[in-house]
Structures are given as C-alpha cells and as structure tokens.
There are 2 protein chains.
Amino acid sequence: MVPHLVTALTGPINELEQRILDSMPAIERWFRLEWMEHTPPFYASVDIRNAGFKLAPVDTNLFPGGWNHLTDEMLPLAVQAAMAAIEKICPEARNLLIVPENQARGTSYMANIAQLVRIFNMAGLHVRVGSIDPDVKKATPVALPHGDKVVLEPAQRTRHRLGLKHFEPCTILLNNDLSAGAPGILEELYEQYLLPPLHAGWSVRRKSRHFQCYEEVAKRFGKMLGIDPWLINPLFTRAPGVDFQADAGLEGLRSAVDATLTKVRRKYKEYGINEKAFALVKADNGTSGMGIMTVRDVRELDNLSRKARAAMATLKGGQGVHDVIVQEGVLTQERVHEAVAEPVVYTMDRYVVGGFYRMHAERGSDENLNAPGASFVPLAFEHSTRLPQPGARPGASAPNRFYMYGVIARLATVAASYELEATDPEAEVYD
Amino acid sequence: MVPHLVTALTGPINELEQRILDSMPAIERWFRLEWMEHTPPFYASVDIRNAGFKLAPVDTNLFPGGWNHLTDEMLPLAVQAAMAAIEKICPEARNLLIVPENQARGTSYMANIAQLVRIFNMAGLHVRVGSIDPDVKKATPVALPHGDKVVLEPAQRTRHRLGLKHFEPCTILLNNDLSAGAPGILEELYEQYLLPPLHAGWSVRRKSRHFQCYEEVAKRFGKMLGIDPWLINPLFTRAPGVDFQADAGLEGLRSAVDATLTKVRRKYKEYGINEKAFALVKADNGTSGMGIMTVRDVRELDNLSRKARAAMATLKGGQGVHDVIVQEGVLTQERVHEAVAEPVVYTMDRYVVGGFYRMHAERGSDENLNAPGASFVPLAFEHSTRLPQPGARPGASAPNRFYMYGVIARLATVAASYELEATDPEAEVYD
C-alpha cells in the first residue's frame, strides 16, 4: 500500500524534494566521501518529521527495534547490506550472537529479534540469541505468531569472551541500548567485535551531542545543496542541571524554551509560516520515547502537574534525568487513515534498507508518537516505483519522497558517526 | 509469477539443494573468504542448466546484456550492489560512461543499456552512453517503448582519456564484449577505470580457460560441501587447431568428443541415469551463443553439412574459430509454459541481483537456447518468499531453488576472477 501523502502541500518541502532529486548524483557522492572518512553506525533507525515546510530527524536510534515492521519485500536489501557490513568488519565470521533487551519479552520485540536472526542468517552466519538478563538461567523458547520462535539462551562470560554453551561468536550484535549503563559482562571483550560499541549506549550518548553533530552535518549538506540548513535541521538548546522533582534548574529550562521558541518564531516569520511554534523538552539521555514533553508556551512550565514531573524525571531502567534538551517541535503533516504519522527509516551500514510509518490515532501533529498505542504501516510502495522517479511532479511521487527521507536519515547516521568518534574511549588524540 | 519448477524430480538435485541450504552459513563464509583474495567481476550473467540430476553453469558472460529482463522489483538490489561496487573502486566518482556494443541498435539491446543507465544513475552517478562505433558521428537518440530513450553519443579519445564532448568520466563501463579485439580507442587509458578490463574481452578470453578455472573452484567447493564436484561441473575437453572449412583438426575433435561422451556415460552409469549422453562443441573464443553445435554421437561429425560447417567457422564480428571445446551437455529439466527453459543469473560485484528464465519453444532440452527466437520470463517470486526458506521440502520452494542457482552463478564468477587474474597483462609475476 502506498501511504497517503499530503500532495496538496506546496512551497518549501516540494522545492526541497525537487532539489534533492536533481542533486542525486552529487548527494550520493557526498555520502561516499563521508563514508571514506567515517564509519557508519552498524545499524540505525531514524524518526523523521515532515512539517510540509521543513523536514527533520527527531530521533536516531543506534539499537533499533521494530525490524519486524519492515516488509518481506525489503528483506533482500537488508540481507545484502548485512553481507556488505559483515564482509567489511569480519569476513571470516561464522557465528553471531545477538544480545536483546533485558526486560522486553513481548511478542512484538521478540518478533523484531526473530527478524534480525533471519537477516543475519540469510547473510550467511550462524545466529543465536544470548540474553544478559540474569533472570534468564536456561534456554527459553519464546513462541511467535506463524509458528516462528526465538530461543533466549543465557549468555556466558569467560575471561575475554562472551558466548553460549558450545557457541563461540566472533561478533556480538547489541540490540540492547544499555540505558542502565554498560554491564560488566560486556566490558573488556577485546577478542570479539562488539557492535555497536558500548559508548553508543544511552549511558554515554546525549541527544544534545547528536543534534550538535547533526547541525554541523546539515550546515555542510545545506551548503552543498544551496539550501537554508534550517529546512532539514531542528533547532535546539541544552538546559543542564534540571531536576523536575526537586524543582531545580527550571529557570535555565525556562530560558532555553524561551530562546528556542523565539528562534523558531523568527524562522516561521521569515518563511511566512502561519503555525504556532512549539518545542519538545527531552531528557538528554533519554530513550524509547520516554522523558518527552511538548511545550507550546514557556508558562506551561509553571504549572506542571505532579504526574508530568514524575514522567519527566525517570527514564527506562530507572535512570534519572539531569540534563534536558529543548528541541524545536517539527509538526508532522503525514497522515495514514486520518491518524497522525511519522516515517521511520532503517539503515544498515551505509544503506537505507526500509522503513515504515509510525502512527498514533490519539496523538496530535505536534506530539511525540513513540508511545503506547502507536501502530505501524509498512512503507511498501508499488513494485514498479520503489526507486526514485526523476521527472515526477514534486510531492506526487511516493518513491521520490522516500528517497528524500532516506537522504535525511543518512544525514542523521553521518551525525551519529561523528558523535561516536567524539565519545570513543579508544580514539587516538592528536594534539 | 513463479516459474514452473519440476518439483516431481527426486534424487541428486534435491539432495544437493538440501545440502546447499543446510550449508548456507558455510557457503557464504567461503565466498567471503574467496573475495578477500580475489576481485569479483564487475558484473556478469551466468547461464545455468538444471538436469534434475546435476546443475551446472554453461556460459559466463562478463559483458552481460539483458538487464532489461530483470524485474523492477530486483532493481533496488542492483542499485545497492552498484553503490557497493562504485564505493570500492572509485568513491570520488561523478561521471560514468557506458560503452555499448557497436552494431546492436535494436530496441531490446538499447532497453538493456537504458536499464544500466538507470541503475548507475540511481546509485549516484551522472551516466551517459558513448559509442565507439565509427558510424556514430553525432548524438543519436534511440526511442524505446514507454517513452524511454537512450542517446548514443560518439566517444571521443584524447591522448590519455575517453569521454564525450563536455563529459569527463572517471569510470568507463564496457557493455561491449570486444569480440573483434580491443580497439585502439580503448587502449592505454591509464587515467580512467575501465570495467571490465580489456582482457575480459573475447579476443583474449577462452571458454576452456574459464571452465578449467571453474573445475578447480567446483572441486574445492565440492570438497567443502562433501559432494561429487561432477554434480555442479560440466566436463570438457579442448580440441585445438580445428578448421571446419578446411577440414583440419577434425580427428582431434572426434577424439575429444569421444573422450567426453565416454566420461559422461561412465558418470551416468555410476548414478544410474537413464539418459543419452551428449556434448556441445563450442568455439573456444565464441560469444553470443554463436559457434555452438550439439553432438549426440561422434559419427555426426562425419556428415556435417556445408551450412553447419559455415555456422561453426565464423563468430560475431567475423572472428574465425581455431580451437573448440567439447563440453558435456547438461539437459535442462526446467520448463516454462511447455517451452524448454534455462535460468540466467545476474551478478554485480559479489552480489546476486536477479535473474530470469531464457526459454525457447522450438529447441530441445539438449540444445543451446541462446539463439534467435528465445524469450524471457522474469524470475520474480512471490514477495514473501524471495529469500531462502529453510525447512521447505527440497525441490518445492522456488526461492530455495533460486538460492542454489545463485550459489552456482557465484561459483562461476569466482572462476571468472581466477581466469582474469591469469590473463591480466599487468599482473605481477612471482617466481
């Protein structure tokens, strides 16, 4: 099915789409040169918001779940990208161990793991799933719909290696975002490839660092394309030392919200956009759509309910929030069956391998959709039109729009690669 | 549409399919290790024959045409493989020049060129088509169905480079098999990447060298898999100095046919195969399905008609035949709508990117199908089943069969890489 696209939109986004399509060879070359200098994240999913007048990534997940929402049609691309990735990292690989989230045992998450097992098996590896959850003490089959199943086995640590009983992986694929910090069982595994690296986990990552890197990428890309980088970049301000429970740091947060909204309003005025500016307050170390709040006016911060404060104060795995970022809110104009929707694009190595629409019937176009109640519609296009169609009317071609989304998602992965270089504990420092 | 597969077949081929599926990780690793040591052909198409009891490549084309017969569904894989190939060879590439065959101007061949233009454009290059045919003196548009078109432009040679007016390619993609020898206009292009290299052309290539390399590959692969390499390898004998017009060298040809048929009959007996052995006499330097003759008995050589001799004596581009190979005939058990069919598998870099069935309603199961009157049916599977399905009953799963074909095709490309190393005029020789 082709998702409904807001083809009635005119103005900046269609010009941007046209500019991006016209510049396809220059854009692809730009990415090739970036990847000569930088290592792409092993895999990623990027949430994108299309406001009609601007288009921006709002979250870059380096331990993507949701692989089960990709269509079977997209799998061959994922398999081929996985083959390319393995070949580069460890061509002699035989065995791959996937480490899933500790707590998530639901059917949907496990279907995601089953899909990853399938992809890497097709790419030519023996794949097994090793849980680092201490509660998993023996091989535990999890039944999935359609007769599928995943067997969770307890990961075993020896002095230098992680594995399973009678299974020696040379590569370990983390699908666990390490919100609670890198556990000892994963540290000092110098004999195995650990992908993504530990410092990609949320105990080290900060949204502010990611979006700072993204801003740099967007500026350079915008310069190449001859566009205002704001059209693809969400503005943000960092507010350190915020404690919602103890009422600390809220003054700093207020001025960050105020500064962000002022900048956004100025941009709206410049482009003649008749929308109400809004911002999202996000935990700087937050994941899984937790610790996120929409603010339309700085005064809303004065009347936060106890419940809202509690929701902002604690993240997945019980992590506390100390710093926040105030990010320009980007409306989404995408709708699927009337529900507000946002595209999520999946990458593996340097390749876009698929995507879907996340939609939420009960949320507004200025709200976070990554929340309970969200559902998913595959971005599966008519077969004959899955690749860009030069010459199609701007805004009227789903594949052209998807190509544009893929470009934005890849810009976010370039930013992620800068970010991981900056935080790499083993990076060599040249003075 | 799923092509009709002879699922009633039992015995060796289904065992082989099962063995290949079960060994998928070992096989993929084997290929990864091969490609660490050897460079895959830039692109290739491999004709495969499935006799039910054995499966073998019978022709490996390093300048493949017929890209237009791949379905749109397969294009994203080809584009992704092209991106990987370009990135490895020349990441800073901007412009690609495709050099087509000189004489072929038919709609079908030009649709093939249009498809290649499309693939490399989507992969992020400016692509134009430069003919080295001296008859092409100015830009010549060739109209194609569906409003498509290809513009043939005269390639221009400067001292060190080939290009077009106002178009400086860094890479030149040959889709011209150089049957008549490498023309001066393509020689000594030291500043540009020429793909495939000149020595992949049919003035240098020999079928006997290819199948000798393939035999070596099949033996090593067979050893890894624990199978008789004959199950995937067509036997052959080379007969040098044959001149059909002058009646020279025919004695050598007779003994080569006799030797080949004897070996094949012995194998048939060993496996209890109740078929009549046959052989194909092929020009050692032949291409495009020309210079090929089926021989079921050595006595047939005594009564060759004048027409048959003439057909065997001359190849594409007026090249003469001097040496021939006598190759074990491999029956094809594949049928599409009653017509005899054989799969053709396309690769780019190390990846299988698609394929189709070549079928010929007027030819028998022991004849060459690459002849006027052939038609093509895409190997497009149901979307949900384009990847191997471990657990499916052997012989009953089209994707599993296609995976097996892809493995055999890749073995042929490994052989081609050995072959190109052996004939590389710039190879360093270690004593």
# chains A, B, ... in the order shown; residues from 1 in each chain; ligands from 1
$ interface_residues --of "chain A" --to "chain B" --cutoff "6 Å" --atoms "only C-alpha atoms" --output "short mmCIF file (atom, residue, chain, number, x, y, z; two decimals) with N, CA, C and O atoms, in the first residue's frame"
data_model
loop_
_atom_site.label_atom_id
_atom_site.label_comp_id
_atom_site.auth_asym_id
_atom_site.auth_seq_id
_atom_site.Cartn_x
_atom_site.Cartn_y
_atom_site.Cartn_z
N MET A 24 20.77 14.15 -6.98
CA MET A 24 21.04 12.77 -6.55
C MET A 24 22.50 12.36 -6.73
O MET A 24 23.12 11.88 -5.78
N PRO A 25 23.10 12.56 -7.92
CA PRO A 25 24.50 12.13 -8.05
C PRO A 25 25.44 12.87 -7.09
O PRO A 25 26.32 12.26 -6.48
N GLU A 28 24.82 11.44 -3.54
CA GLU A 28 25.39 10.10 -3.32
C GLU A 28 26.91 10.17 -3.23
O GLU A 28 27.54 9.47 -2.44
N ARG A 32 29.36 9.04 -0.25
CA ARG A 32 30.52 8.15 -0.46
C ARG A 32 31.77 8.74 0.17
O ARG A 32 32.55 8.04 0.81
N ASP A 72 8.51 -8.05 3.95
CA ASP A 72 9.35 -9.11 3.39
C ASP A 72 10.04 -8.64 2.12
O ASP A 72 11.12 -9.08 1.77
N GLU A 73 9.35 -7.73 1.44
CA GLU A 73 9.90 -7.20 0.20
C GLU A 73 11.22 -6.46 0.43
O GLU A 73 12.06 -6.38 -0.46
N PRO A 91 35.20 -10.70 7.71
CA PRO A 91 34.81 -11.64 6.64
C PRO A 91 34.91 -13.10 7.07
O PRO A 91 34.18 -13.94 6.57
N GLY A 124 24.47 -15.27 5.91
CA GLY A 124 25.49 -16.30 5.95
C GLY A 124 26.17 -16.50 7.29
O GLY A 124 27.36 -16.81 7.34
N LEU A 125 25.44 -16.35 8.37
CA LEU A 125 26.03 -16.59 9.68
C LEU A 125 25.15 -17.53 10.50
O LEU A 125 23.93 -17.57 10.32
N HIS A 383 5.60 -2.06 -6.69
CA HIS A 383 6.93 -2.59 -7.04
C HIS A 383 7.63 -1.77 -8.09
O HIS A 383 8.83 -1.62 -8.09
N SER A 384 6.85 -1.27 -9.02
CA SER A 384 7.48 -0.60 -10.14
C SER A 384 7.99 0.78 -9.76
O SER A 384 8.61 1.45 -10.55
#
$ residues_around --residues "B:His160" --least-positions-apart "5" --cutoff "8 Å" --atoms "only C-alpha atoms" --output "ChimeraX atom specification"
/B:188-191
$ closest_residue --among "B:Glu421, B:Glu426, B:Glu17, B:Glu251" --to "B:Arg205" --atoms "only C-alpha atoms"
B:Glu421
